[in-house]
$ cat run.pdb   # PDB, C-alpha atoms, pLDDT in the B column
ATOM      1  CA  MET A   1      14.609 -15.302  -0.791  1.00 49.00           C
ATOM      2  CA  SER A   2      15.792 -14.269   2.646  1.00 51.00           C
ATOM      3  CA  THR A   3      13.839 -15.035   5.812  1.00 62.00           C
ATOM      4  CA  HIS A   4      15.379 -12.509   8.178  1.00 91.00           C
ATOM      5  CA  PHE A   5      12.139 -10.520   8.305  1.00 96.00           C
ATOM      6  CA  THR A   6       8.563 -11.094   9.416  1.00 97.00           C
ATOM      7  CA  VAL A   7       5.304  -9.766   7.981  1.00 98.00           C
ATOM      8  CA  ARG A   8       2.333  -8.880  10.143  1.00 98.00           C
ATOM      9  CA  PRO A   9      -0.809  -6.742   9.980  1.00 97.00           C
ATOM     10  CA  ALA A  10      -0.156  -3.097  10.804  1.00 98.00           C
ATOM     11  CA  ARG A  11      -1.631  -1.649  13.988  1.00 97.00           C
ATOM     12  CA  PRO A  12      -2.666   1.901  14.863  1.00 96.00           C
ATOM     13  CA  ALA A  13       0.385   2.028  17.154  1.00 97.00           C
ATOM     14  CA  ASP A  14       2.566   1.762  14.014  1.00 98.00           C
ATOM     15  CA  ALA A  15       1.185   5.052  12.659  1.00 97.00           C
ATOM     16  CA  ARG A  16       4.218   7.233  13.488  1.00 97.00           C
ATOM     17  CA  THR A  17       6.677   4.871  11.819  1.00 97.00           C
ATOM     18  CA  LEU A  18       4.379   4.388   8.831  1.00 97.00           C
ATOM     19  CA  ALA A  19       4.064   8.160   8.431  1.00 96.00           C
ATOM     20  CA  GLU A  20       7.865   8.519   8.548  1.00 95.00           C
ATOM     21  CA  LEU A  21       8.235   5.820   5.915  1.00 95.00           C
ATOM     22  CA  ARG A  22       5.546   7.518   3.795  1.00 93.00           C
ATOM     23  CA  TRP A  23       7.629  10.707   3.845  1.00 88.00           C
ATOM     24  CA  ALA A  24      10.754   8.746   2.879  1.00 88.00           C
ATOM     25  CA  PHE A  25       8.808   6.989   0.124  1.00 86.00           C
ATOM     26  CA  LYS A  26       7.561  10.238  -1.398  1.00 85.00           C
ATOM     27  CA  GLN A  27      11.013  11.850  -1.174  1.00 84.00           C
ATOM     28  CA  GLU A  28      12.267   9.199  -3.591  1.00 82.00           C
ATOM     29  CA  ASP A  29      10.125  10.901  -6.253  1.00 77.00           C
ATOM     30  CA  TYR A  30      12.666  13.746  -6.302  1.00 77.00           C
ATOM     31  CA  GLU A  31      16.234  13.545  -7.486  1.00 75.00           C
ATOM     32  CA  GLY A  32      18.650  15.468  -5.345  1.00 73.00           C
ATOM     33  CA  GLN A  33      17.094  17.594  -2.641  1.00 79.00           C
ATOM     34  CA  PRO A  34      13.299  17.240  -2.260  1.00 75.00           C
ATOM     35  CA  PRO A  35      11.300  20.385  -1.511  1.00 78.00           C
ATOM     36  CA  ALA A  36      10.168  21.155   2.018  1.00 81.00           C
ATOM     37  CA  PRO A  37       7.024  19.166   2.893  1.00 78.00           C
ATOM     38  CA  ALA A  38       3.757  21.057   2.459  1.00 78.00           C
ATOM     39  CA  ARG A  39       2.196  19.015   5.281  1.00 84.00           C
ATOM     40  CA  HIS A  40       3.367  18.099   8.752  1.00 90.00           C
ATOM     41  CA  LEU A  41       4.274  14.498   9.491  1.00 92.00           C
ATOM     42  CA  GLU A  42       1.727  14.507  12.306  1.00 95.00           C
ATOM     43  CA  GLU A  43      -1.078  14.924   9.758  1.00 95.00           C
ATOM     44  CA  ALA A  44      -0.086  11.663   8.081  1.00 95.00           C
ATOM     45  CA  GLU A  45       0.363   9.992  11.448  1.00 97.00           C
ATOM     46  CA  ARG A  46      -3.195  10.933  12.523  1.00 96.00           C
ATOM     47  CA  TRP A  47      -4.618   9.890   9.143  1.00 95.00           C
ATOM     48  CA  ILE A  48      -2.947   6.471   9.285  1.00 96.00           C
ATOM     49  CA  HIS A  49      -3.815   5.949  12.965  1.00 96.00           C
ATOM     50  CA  ASP A  50      -7.481   6.810  12.431  1.00 95.00           C
ATOM     51  CA  ARG A  51      -7.911   4.625   9.356  1.00 95.00           C
ATOM     52  CA  LEU A  52      -6.079   1.597  10.714  1.00 95.00           C
ATOM     53  CA  GLY A  53      -8.015   1.940  13.971  1.00 91.00           C
ATOM     54  CA  GLY A  54     -11.369   2.239  12.236  1.00 84.00           C
ATOM     55  CA  GLY A  55     -10.826  -0.573   9.749  1.00 79.00           C
ATOM     56  CA  ARG A  56     -11.284   1.765   6.765  1.00 79.00           C
ATOM     57  CA  TRP A  57      -7.815   0.821   5.604  1.00 95.00           C
ATOM     58  CA  LEU A  58      -5.679  -2.246   6.194  1.00 97.00           C
ATOM     59  CA  ALA A  59      -1.922  -2.486   5.979  1.00 98.00           C
ATOM     60  CA  TRP A  60       0.856  -5.006   6.412  1.00 98.00           C
ATOM     61  CA  VAL A  61       4.355  -4.301   7.616  1.00 98.00           C
ATOM     62  CA  ALA A  62       7.626  -6.159   7.277  1.00 98.00           C
ATOM     63  CA  GLU A  63       9.955  -6.058  10.251  1.00 98.00           C
ATOM     64  CA  THR A  64      13.609  -6.866  10.581  1.00 95.00           C
ATOM     65  CA  GLY A  65      15.381  -6.637  13.906  1.00 93.00           C
ATOM     66  CA  GLY A  66      12.165  -5.301  15.447  1.00 93.00           C
ATOM     67  CA  ASP A  67      12.030  -2.324  13.063  1.00 97.00           C
ATOM     68  CA  ILE A  68       9.527  -1.787  10.270  1.00 98.00           C
ATOM     69  CA  CYS A  69      11.353  -1.932   6.931  1.00 97.00           C
ATOM     70  CA  GLY A  70       8.406  -2.008   4.526  1.00 97.00           C
ATOM     71  CA  HIS A  71       4.662  -1.708   4.188  1.00 98.00           C
ATOM     72  CA  VAL A  72       1.712  -1.996   1.835  1.00 98.00           C
ATOM     73  CA  PHE A  73      -1.780  -0.537   2.281  1.00 98.00           C
ATOM     74  CA  LEU A  74      -5.167  -1.829   1.132  1.00 98.00           C
ATOM     75  CA  GLY A  75      -8.199   0.416   0.783  1.00 96.00           C
ATOM     76  CA  LEU A  76     -11.576  -1.208   0.352  1.00 94.00           C
ATOM     77  CA  VAL A  77     -13.713   0.215  -2.446  1.00 93.00           C
ATOM     78  CA  GLU A  78     -17.328  -0.611  -1.752  1.00 91.00           C
ATOM     79  CA  ARG A  79     -19.637  -1.613  -4.564  1.00 91.00           C
ATOM     80  CA  ILE A  80     -23.326  -0.785  -4.707  1.00 92.00           C
ATOM     81  CA  PRO A  81     -25.547  -3.839  -4.065  1.00 91.00           C
ATOM     82  CA  GLU A  82     -27.059  -5.442  -7.118  1.00 89.00           C
ATOM     83  CA  PRO A  83     -29.839  -8.018  -7.467  1.00 91.00           C
ATOM     84  CA  TYR A  84     -28.051 -10.615  -9.604  1.00 88.00           C
ATOM     85  CA  GLY A  85     -24.475 -10.923  -8.465  1.00 83.00           C
ATOM     86  CA  ASP A  86     -21.962 -10.361  -5.755  1.00 85.00           C
ATOM     87  CA  ASN A  87     -21.119  -6.873  -4.685  1.00 88.00           C
ATOM     88  CA  ASN A  88     -17.900  -7.705  -2.899  1.00 92.00           C
ATOM     89  CA  PRO A  89     -15.512  -4.793  -2.480  1.00 93.00           C
ATOM     90  CA  VAL A  90     -12.520  -4.179  -4.701  1.00 94.00           C
ATOM     91  CA  GLY A  91      -9.149  -3.722  -3.024  1.00 96.00           C
ATOM     92  CA  TYR A  92      -7.023  -0.687  -3.858  1.00 96.00           C
ATOM     93  CA  VAL A  93      -3.334  -1.452  -3.265  1.00 97.00           C
ATOM     94  CA  THR A  94      -1.222   1.601  -2.492  1.00 96.00           C
ATOM     95  CA  ASN A  95       1.631   3.053  -0.464  1.00 94.00           C
ATOM     96  CA  PHE A  96       3.843   0.024  -1.119  1.00 96.00           C
ATOM     97  CA  PHE A  97       7.365   0.744   0.073  1.00 95.00           C
ATOM     98  CA  VAL A  98      10.439  -1.178   1.191  1.00 96.00           C
ATOM     99  CA  LEU A  99      13.538   0.538   2.554  1.00 95.00           C
ATOM    100  CA  PRO A 100      16.429   0.367   0.063  1.00 93.00           C
ATOM    101  CA  PRO A 101      18.643  -1.988   2.153  1.00 93.00           C
ATOM    102  CA  GLN A 102      15.862  -4.621   2.197  1.00 94.00           C
ATOM    103  CA  ARG A 103      14.879  -4.379  -1.468  1.00 93.00           C
ATOM    104  CA  ASN A 104      15.359  -7.393  -3.747  1.00 91.00           C
ATOM    105  CA  ASP A 105      15.405  -9.643  -0.694  1.00 93.00           C
ATOM    106  CA  GLY A 106      11.830 -10.988  -0.818  1.00 95.00           C
ATOM    107  CA  VAL A 107      10.282  -8.387   1.487  1.00 97.00           C
ATOM    108  CA  GLY A 108       8.017  -6.864  -1.181  1.00 96.00           C
ATOM    109  CA  THR A 109       6.901 -10.271  -2.414  1.00 96.00           C
ATOM    110  CA  ALA A 110       6.071 -11.322   1.162  1.00 97.00           C
ATOM    111  CA  LEU A 111       4.078  -8.133   1.789  1.00 98.00           C
ATOM    112  CA  LEU A 112       2.040  -8.631  -1.375  1.00 97.00           C
ATOM    113  CA  ALA A 113       1.509 -12.311  -0.520  1.00 97.00           C
ATOM    114  CA  ALA A 114       0.057 -11.362   2.886  1.00 98.00           C
ATOM    115  CA  LEU A 115      -2.210  -8.777   1.267  1.00 98.00           C
ATOM    116  CA  LYS A 116      -3.383 -11.263  -1.400  1.00 97.00           C
ATOM    117  CA  ARG A 117      -4.109 -13.951   1.235  1.00 97.00           C
ATOM    118  CA  HIS A 118      -6.269 -11.495   3.116  1.00 97.00           C
ATOM    119  CA  ALA A 119      -8.038 -10.329  -0.059  1.00 96.00           C
ATOM    120  CA  ARG A 120      -8.896 -13.888  -1.072  1.00 96.00           C
ATOM    121  CA  GLY A 121     -10.070 -14.775   2.438  1.00 96.00           C
ATOM    122  CA  ALA A 122     -12.229 -11.643   2.576  1.00 94.00           C
ATOM    123  CA  GLY A 123     -13.794 -12.451  -0.792  1.00 93.00           C
ATOM    124  CA  LEU A 124     -12.685  -9.263  -2.522  1.00 94.00           C
ATOM    125  CA  GLU A 125     -13.680  -9.001  -6.176  1.00 92.00           C
ATOM    126  CA  GLY A 126     -10.105  -8.156  -7.191  1.00 94.00           C
ATOM    127  CA  LEU A 127      -7.182  -5.870  -6.545  1.00 96.00           C
ATOM    128  CA  ILE A 128      -6.219  -2.722  -8.422  1.00 95.00           C
ATOM    129  CA  VAL A 129      -3.032  -0.696  -8.314  1.00 96.00           C
ATOM    130  CA  TRP A 130      -1.410   2.219 -10.122  1.00 93.00           C
ATOM    131  CA  PRO A 131       2.180   0.972 -10.089  1.00 92.00           C
ATOM    132  CA  SER A 132       5.297   3.005 -10.583  1.00 88.00           C
ATOM    133  CA  GLU A 133       7.681   2.098 -13.354  1.00 88.00           C
ATOM    134  CA  LEU A 134      10.004   0.642 -10.717  1.00 87.00           C
ATOM    135  CA  SER A 135       7.323  -1.496  -9.020  1.00 91.00           C
ATOM    136  CA  THR A 136       5.578  -2.827 -12.140  1.00 93.00           C
ATOM    137  CA  PRO A 137       7.877  -5.869 -12.579  1.00 93.00           C
ATOM    138  CA  LEU A 138       7.238  -6.981  -8.989  1.00 94.00           C
ATOM    139  CA  TYR A 139       3.477  -6.596  -9.352  1.00 95.00           C
ATOM    140  CA  ARG A 140       3.596  -8.578 -12.605  1.00 95.00           C
ATOM    141  CA  ARG A 141       5.630 -11.369 -10.941  1.00 94.00           C
ATOM    142  CA  CYS A 142       2.996 -11.471  -8.200  1.00 94.00           C
ATOM    143  CA  GLY A 143       0.164 -12.026 -10.691  1.00 94.00           C
ATOM    144  CA  PHE A 144      -1.115  -8.515 -11.408  1.00 95.00           C
ATOM    145  CA  GLN A 145      -2.121  -8.027 -15.044  1.00 94.00           C
ATOM    146  CA  PRO A 146      -3.114  -5.062 -17.213  1.00 90.00           C
ATOM    147  CA  PRO A 147      -6.862  -4.404 -16.943  1.00 87.00           C
ATOM    148  CA  GLU A 148      -9.226  -5.416 -19.690  1.00 87.00           C
ATOM    149  CA  GLU A 149     -12.081  -3.097 -18.766  1.00 87.00           C
ATOM    150  CA  LEU A 150     -10.674  -0.191 -16.773  1.00 85.00           C
ATOM    151  CA  LEU A 151     -10.810   3.364 -18.041  1.00 86.00           C
ATOM    152  CA  GLU A 152      -9.182   6.347 -16.413  1.00 84.00           C
ATOM    153  CA  LEU A 153      -9.873  10.073 -16.609  1.00 88.00           C
ATOM    154  CA  PRO A 154      -6.942  12.004 -15.150  1.00 87.00           C
ATOM    155  CA  LEU A 155      -8.281  15.254 -13.728  1.00 92.00           C
ATOM    156  CA  GLY A 156      -4.951  17.002 -13.163  1.00 83.00           C
ATOM    157  CA  THR A 157      -4.295  19.348 -10.326  1.00 67.00           C
TER     158      THR A 157
END
$ encode --input "run.pdb" --output "structure tokens"
Amino acid sequence: MSTHFTVRPARPADARTLAELRWAFKQEDYEGQPPAPARHLEEAERWIHDRLGGGRWLAWVAETGGDICGHVFLGLVERIPEPYGDNNPVGYVTNFFVLPPQRNDGVGTALLAALKRHARGAGLEGLIVWPSELSTPLYRRCGFQPPEELLELPLGT
């Protein structure tokens, strides 16, 4: 594993770069030329800025040479209080992306490690993720397992 990068919590001031990386991330879903975006980059920038600033979402970034080269986001899913047990939130892991030149160099593992440290320290009930085919092996290496009790109802769009 390389150590030429650092991982830190994301800040609202990172919103523009995180929005740009989000656009790059989603463009990888298309082979060849992706279609023109249906939304403006500024919409994502505002969304990220507002949520990181308000604590509704958390994120971690990896930096190399002072530039952000990867990120992972954590949304907190609240649970309704109950009389007989904990109602700690569940963490929803999403928007996990590392720029191609830094892939397979330990950046993704370090980002997930920072997220997991926070989740444990915050007492989250667990973490959930809908991984891509490409990211599944990394999640598995980092301890994520198939759910035993989760059901899904895709609603389609």
$ resolve_selection --input "run.pdb" --expression "the PyMOL selection byres ((chain A and resi 5) around 6)" --output "PyMOL selection string"
chain A and resi 3-4+6+63-64
$ atom_distance --input "run.pdb" --atom1 "atom CA of Gly66 of chain A" --atom2 "atom CA of Ser132 of chain A"
28.2 Å
$ atom_distance --input "run.pdb" --atom1 "atom CA of Val93 of chain A" --atom2 "atom CA of Pro137 of chain A"
15.2 Å
$ residues_around --input "run.pdb" --residues "segment 115-130 of chain A" --least-positions-apart "6" --cutoff "6 Å" --atoms "all atoms listed in the file" --output "number ranges by chain"
A: 88-93
$ write_last_selection --input "run.pdb" --atoms "C-alpha atoms" --output "PDB file, in the coordinates of the input"
ATOM      1  CA  ASN A  88     -17.900  -7.705  -2.899  1.00 92.00           C
ATOM      2  CA  PRO A  89     -15.512  -4.793  -2.480  1.00 93.00           C
ATOM      3  CA  VAL A  90     -12.520  -4.179  -4.701  1.00 94.00           C
ATOM      4  CA  GLY A  91      -9.149  -3.722  -3.024  1.00 96.00           C
ATOM      5  CA  TYR A  92      -7.023  -0.687  -3.858  1.00 96.00           C
ATOM      6  CA  VAL A  93      -3.334  -1.452  -3.265  1.00 97.00           C
TER       7      VAL A  93
END
$ resolve_selection --input "run.pdb" --expression "the PyMOL selection byres ((chain A and resi 135) around 12)" --output "ChimeraX atom specification"
/A:94-98,103-104,108-109,112,129-134,136-142,144
$ atom_distance --input "run.pdb" --atom1 "atom CA of Leu155 of chain A" --atom2 "atom CA of Arg39 of chain A"
22.0 Å
$ closest_residue --input "run.pdb" --among "A:Ile68, A:Leu41, A:Ala59, A:Ala113" --to "Gly143 of chain A" --atoms "all atoms listed in the file"
A:Ala113
$ closest_residue --input "run.pdb" --among "A:Gly70, A:Pro12, A:Pro34, A:Pro147" --to "Arg46 of chain A" --atoms "all atoms listed in the file"
A:Pro12
$ closest_residue --input "run.pdb" --among "A:Arg51, A:Pro146, A:Leu151, A:Pro100" --to "Leu76 of chain A" --atoms "all atoms listed in the file"
A:Arg51
$ closest_residue --input "run.pdb" --among "A:Ala114, A:Leu150, A:Gly75, A:Phe25" --to "Leu52 of chain A" --atoms "all atoms listed in the file"
A:Gly75
$ axis_aligned_box --input "run.pdb" --around "segment 5-21 of chain A" --padding-each-side "6 Å" --output "AutoDock Vina command-line options"
--center_x 4.7 --center_y -1.3 --center_z 11.5 --size_x 26.8 --size_y 31.6 --size_z 23.2
$ closest_residue --input "run.pdb" --among "A:Leu58, A:Leu21, A:Ile80, A:Ala15" --to "Glu42 of chain A" --atoms "only C-alpha atoms"
A:Ala15
$ closest_residue --input "run.pdb" --among "A:Leu99, A:Val7, A:Val77, A:Ala24" --to "Leu111 of chain A" --atoms "all atoms listed in the file"
A:Val7
$ residues_around --input "run.pdb" --residues "Glu43 of chain A" --least-positions-apart "6" --cutoff "12 Å" --atoms "all atoms listed in the file" --output "compact mmCIF listing (two decimals) with C-alpha atoms, in the frame of the given file"
# COMPACT_ATOMS: atom_id res chain seq x y z
CA ALA A 15 1.18 5.05 12.66
CA ARG A 16 4.22 7.23 13.49
CA LEU A 18 4.38 4.39 8.83
CA ALA A 19 4.06 8.16 8.43
CA GLU A 20 7.86 8.52 8.55
CA ARG A 22 5.55 7.52 3.80
CA TRP A 23 7.63 10.71 3.84
CA PRO A 37 7.02 19.17 2.89
CA HIS A 49 -3.82 5.95 12.96
CA ASP A 50 -7.48 6.81 12.43
$ build_atoms --input "run.pdb" --residues "segment 61-93 of chain A" --atoms "N, CA and C atoms" --output "PDB file, keeping the file's coordinate frame"
ATOM      1  N   VAL A  61       2.997  -4.798   7.476  1.00 98.00           N
ATOM      2  CA  VAL A  61       4.355  -4.301   7.616  1.00 98.00           C
ATOM      3  C   VAL A  61       5.318  -5.474   7.631  1.00 98.00           C
ATOM      4  N   ALA A  62       6.519  -5.208   7.152  1.00 98.00           N
ATOM      5  CA  ALA A  62       7.626  -6.159   7.277  1.00 98.00           C
ATOM      6  C   ALA A  62       8.559  -5.597   8.334  1.00 98.00           C
ATOM      7  N   GLU A  63       9.035  -6.471   9.194  1.00 98.00           N
ATOM      8  CA  GLU A  63       9.955  -6.058  10.251  1.00 98.00           C
ATOM      9  C   GLU A  63      11.235  -6.868  10.167  1.00 98.00           C
ATOM     10  N   THR A  64      12.324  -6.198  10.439  1.00 95.00           N
ATOM     11  CA  THR A  64      13.609  -6.866  10.581  1.00 95.00           C
ATOM     12  C   THR A  64      14.288  -6.262  11.806  1.00 95.00           C
ATOM     13  N   GLY A  65      14.758  -7.120  12.679  1.00 93.00           N
ATOM     14  CA  GLY A  65      15.381  -6.637  13.906  1.00 93.00           C
ATOM     15  C   GLY A  65      14.447  -5.799  14.754  1.00 93.00           C
ATOM     16  N   GLY A  66      13.142  -6.051  14.664  1.00 93.00           N
ATOM     17  CA  GLY A  66      12.165  -5.301  15.447  1.00 93.00           C
ATOM     18  C   GLY A  66      11.763  -3.968  14.846  1.00 93.00           C
ATOM     19  N   ASP A  67      12.345  -3.596  13.711  1.00 97.00           N
ATOM     20  CA  ASP A  67      12.030  -2.324  13.063  1.00 97.00           C
ATOM     21  C   ASP A  67      11.251  -2.561  11.769  1.00 97.00           C
ATOM     22  N   ILE A  68      10.296  -1.694  11.506  1.00 98.00           N
ATOM     23  CA  ILE A  68       9.527  -1.787  10.270  1.00 98.00           C
ATOM     24  C   ILE A  68      10.414  -1.356   9.108  1.00 98.00           C
ATOM     25  N   CYS A  69      10.507  -2.217   8.099  1.00 97.00           N
ATOM     26  CA  CYS A  69      11.353  -1.932   6.931  1.00 97.00           C
ATOM     27  C   CYS A  69      10.550  -1.865   5.638  1.00 97.00           C
ATOM     28  N   GLY A  70       9.240  -2.078   5.714  1.00 97.00           N
ATOM     29  CA  GLY A  70       8.406  -2.008   4.526  1.00 97.00           C
ATOM     30  C   GLY A  70       6.941  -2.092   4.894  1.00 97.00           C
ATOM     31  N   HIS A  71       6.099  -1.680   3.946  1.00 98.00           N
ATOM     32  CA  HIS A  71       4.662  -1.708   4.188  1.00 98.00           C
ATOM     33  C   HIS A  71       3.904  -1.694   2.864  1.00 98.00           C
ATOM     34  N   VAL A  72       2.654  -2.113   2.957  1.00 98.00           N
ATOM     35  CA  VAL A  72       1.712  -1.996   1.835  1.00 98.00           C
ATOM     36  C   VAL A  72       0.332  -1.767   2.438  1.00 98.00           C
ATOM     37  N   PHE A  73      -0.456  -0.897   1.792  1.00 98.00           N
ATOM     38  CA  PHE A  73      -1.780  -0.537   2.281  1.00 98.00           C
ATOM     39  C   PHE A  73      -2.849  -1.071   1.332  1.00 98.00           C
ATOM     40  N   LEU A  74      -4.020  -1.344   1.893  1.00 98.00           N
ATOM     41  CA  LEU A  74      -5.167  -1.829   1.132  1.00 98.00           C
ATOM     42  C   LEU A  74      -6.392  -1.021   1.533  1.00 98.00           C
ATOM     43  N   GLY A  75      -6.945  -0.295   0.577  1.00 96.00           N
ATOM     44  CA  GLY A  75      -8.199   0.416   0.783  1.00 96.00           C
ATOM     45  C   GLY A  75      -9.327  -0.386   0.164  1.00 96.00           C
ATOM     46  N   LEU A  76     -10.435  -0.454   0.859  1.00 94.00           N
ATOM     47  CA  LEU A  76     -11.576  -1.208   0.352  1.00 94.00           C
ATOM     48  C   LEU A  76     -12.516  -0.261  -0.376  1.00 94.00           C
ATOM     49  N   VAL A  77     -12.806  -0.579  -1.629  1.00 93.00           N
ATOM     50  CA  VAL A  77     -13.713   0.215  -2.446  1.00 93.00           C
ATOM     51  C   VAL A  77     -15.042  -0.527  -2.484  1.00 93.00           C
ATOM     52  N   GLU A  78     -16.018   0.032  -1.805  1.00 91.00           N
ATOM     53  CA  GLU A  78     -17.328  -0.611  -1.752  1.00 91.00           C
ATOM     54  C   GLU A  78     -18.011  -0.571  -3.108  1.00 91.00           C
ATOM     55  N   ARG A  79     -18.840  -1.561  -3.326  1.00 91.00           N
ATOM     56  CA  ARG A  79     -19.637  -1.613  -4.564  1.00 91.00           C
ATOM     57  C   ARG A  79     -21.111  -1.573  -4.176  1.00 91.00           C
ATOM     58  N   ILE A  80     -21.895  -0.914  -4.976  1.00 92.00           N
ATOM     59  CA  ILE A  80     -23.326  -0.785  -4.707  1.00 92.00           C
ATOM     60  C   ILE A  80     -23.983  -2.157  -4.866  1.00 92.00           C
ATOM     61  N   PRO A  81     -24.871  -2.543  -3.930  1.00 91.00           N
ATOM     62  CA  PRO A  81     -25.547  -3.839  -4.065  1.00 91.00           C
ATOM     63  C   PRO A  81     -26.299  -3.953  -5.387  1.00 91.00           C
ATOM     64  N   GLU A  82     -26.322  -5.171  -5.891  1.00 89.00           N
ATOM     65  CA  GLU A  82     -27.059  -5.442  -7.118  1.00 89.00           C
ATOM     66  C   GLU A  82     -27.873  -6.716  -6.929  1.00 89.00           C
ATOM     67  N   PRO A  83     -28.949  -6.890  -7.704  1.00 91.00           N
ATOM     68  CA  PRO A  83     -29.839  -8.018  -7.467  1.00 91.00           C
ATOM     69  C   PRO A  83     -29.331  -9.352  -8.010  1.00 91.00           C
ATOM     70  N   TYR A  84     -28.369  -9.371  -8.910  1.00 88.00           N
ATOM     71  CA  TYR A  84     -28.051 -10.615  -9.604  1.00 88.00           C
ATOM     72  C   TYR A  84     -26.627 -11.111  -9.416  1.00 88.00           C
ATOM     73  N   GLY A  85     -25.848 -10.476  -8.618  1.00 83.00           N
ATOM     74  CA  GLY A  85     -24.475 -10.923  -8.465  1.00 83.00           C
ATOM     75  C   GLY A  85     -23.875 -10.424  -7.163  1.00 83.00           C
ATOM     76  N   ASP A  86     -22.660 -10.805  -6.952  1.00 85.00           N
ATOM     77  CA  ASP A  86     -21.962 -10.361  -5.755  1.00 85.00           C
ATOM     78  C   ASP A  86     -21.666  -8.867  -5.854  1.00 85.00           C
ATOM     79  N   ASN A  87     -21.555  -8.256  -4.716  1.00 88.00           N
ATOM     80  CA  ASN A  87     -21.119  -6.873  -4.685  1.00 88.00           C
ATOM     81  C   ASN A  87     -19.947  -6.736  -3.707  1.00 88.00           C
ATOM     82  N   ASN A  88     -19.069  -7.729  -3.769  1.00 92.00           N
ATOM     83  CA  ASN A  88     -17.900  -7.705  -2.899  1.00 92.00           C
ATOM     84  C   ASN A  88     -17.028  -6.507  -3.231  1.00 92.00           C
ATOM     85  N   PRO A  89     -16.369  -5.946  -2.223  1.00 93.00           N
ATOM     86  CA  PRO A  89     -15.512  -4.793  -2.480  1.00 93.00           C
ATOM     87  C   PRO A  89     -14.325  -5.140  -3.375  1.00 93.00           C
ATOM     88  N   VAL A  90     -13.768  -4.095  -3.949  1.00 94.00           N
ATOM     89  CA  VAL A  90     -12.520  -4.179  -4.701  1.00 94.00           C
ATOM     90  C   VAL A  90     -11.435  -3.623  -3.791  1.00 94.00           C
ATOM     91  N   GLY A  91     -10.257  -4.209  -3.837  1.00 96.00           N
ATOM     92  CA  GLY A  91      -9.149  -3.722  -3.024  1.00 96.00           C
ATOM     93  C   GLY A  91      -8.241  -2.802  -3.819  1.00 96.00           C
ATOM     94  N   TYR A  92      -7.936  -1.652  -3.256  1.00 96.00           N
ATOM     95  CA  TYR A  92      -7.023  -0.687  -3.858  1.00 96.00           C
ATOM     96  C   TYR A  92      -5.687  -0.781  -3.129  1.00 96.00           C
ATOM     97  N   VAL A  93      -4.665  -1.257  -3.829  1.00 97.00           N
ATOM     98  CA  VAL A  93      -3.334  -1.452  -3.265  1.00 97.00           C
ATOM     99  C   VAL A  93      -2.539  -0.161  -3.469  1.00 97.00           C
TER     100      VAL A  93
END
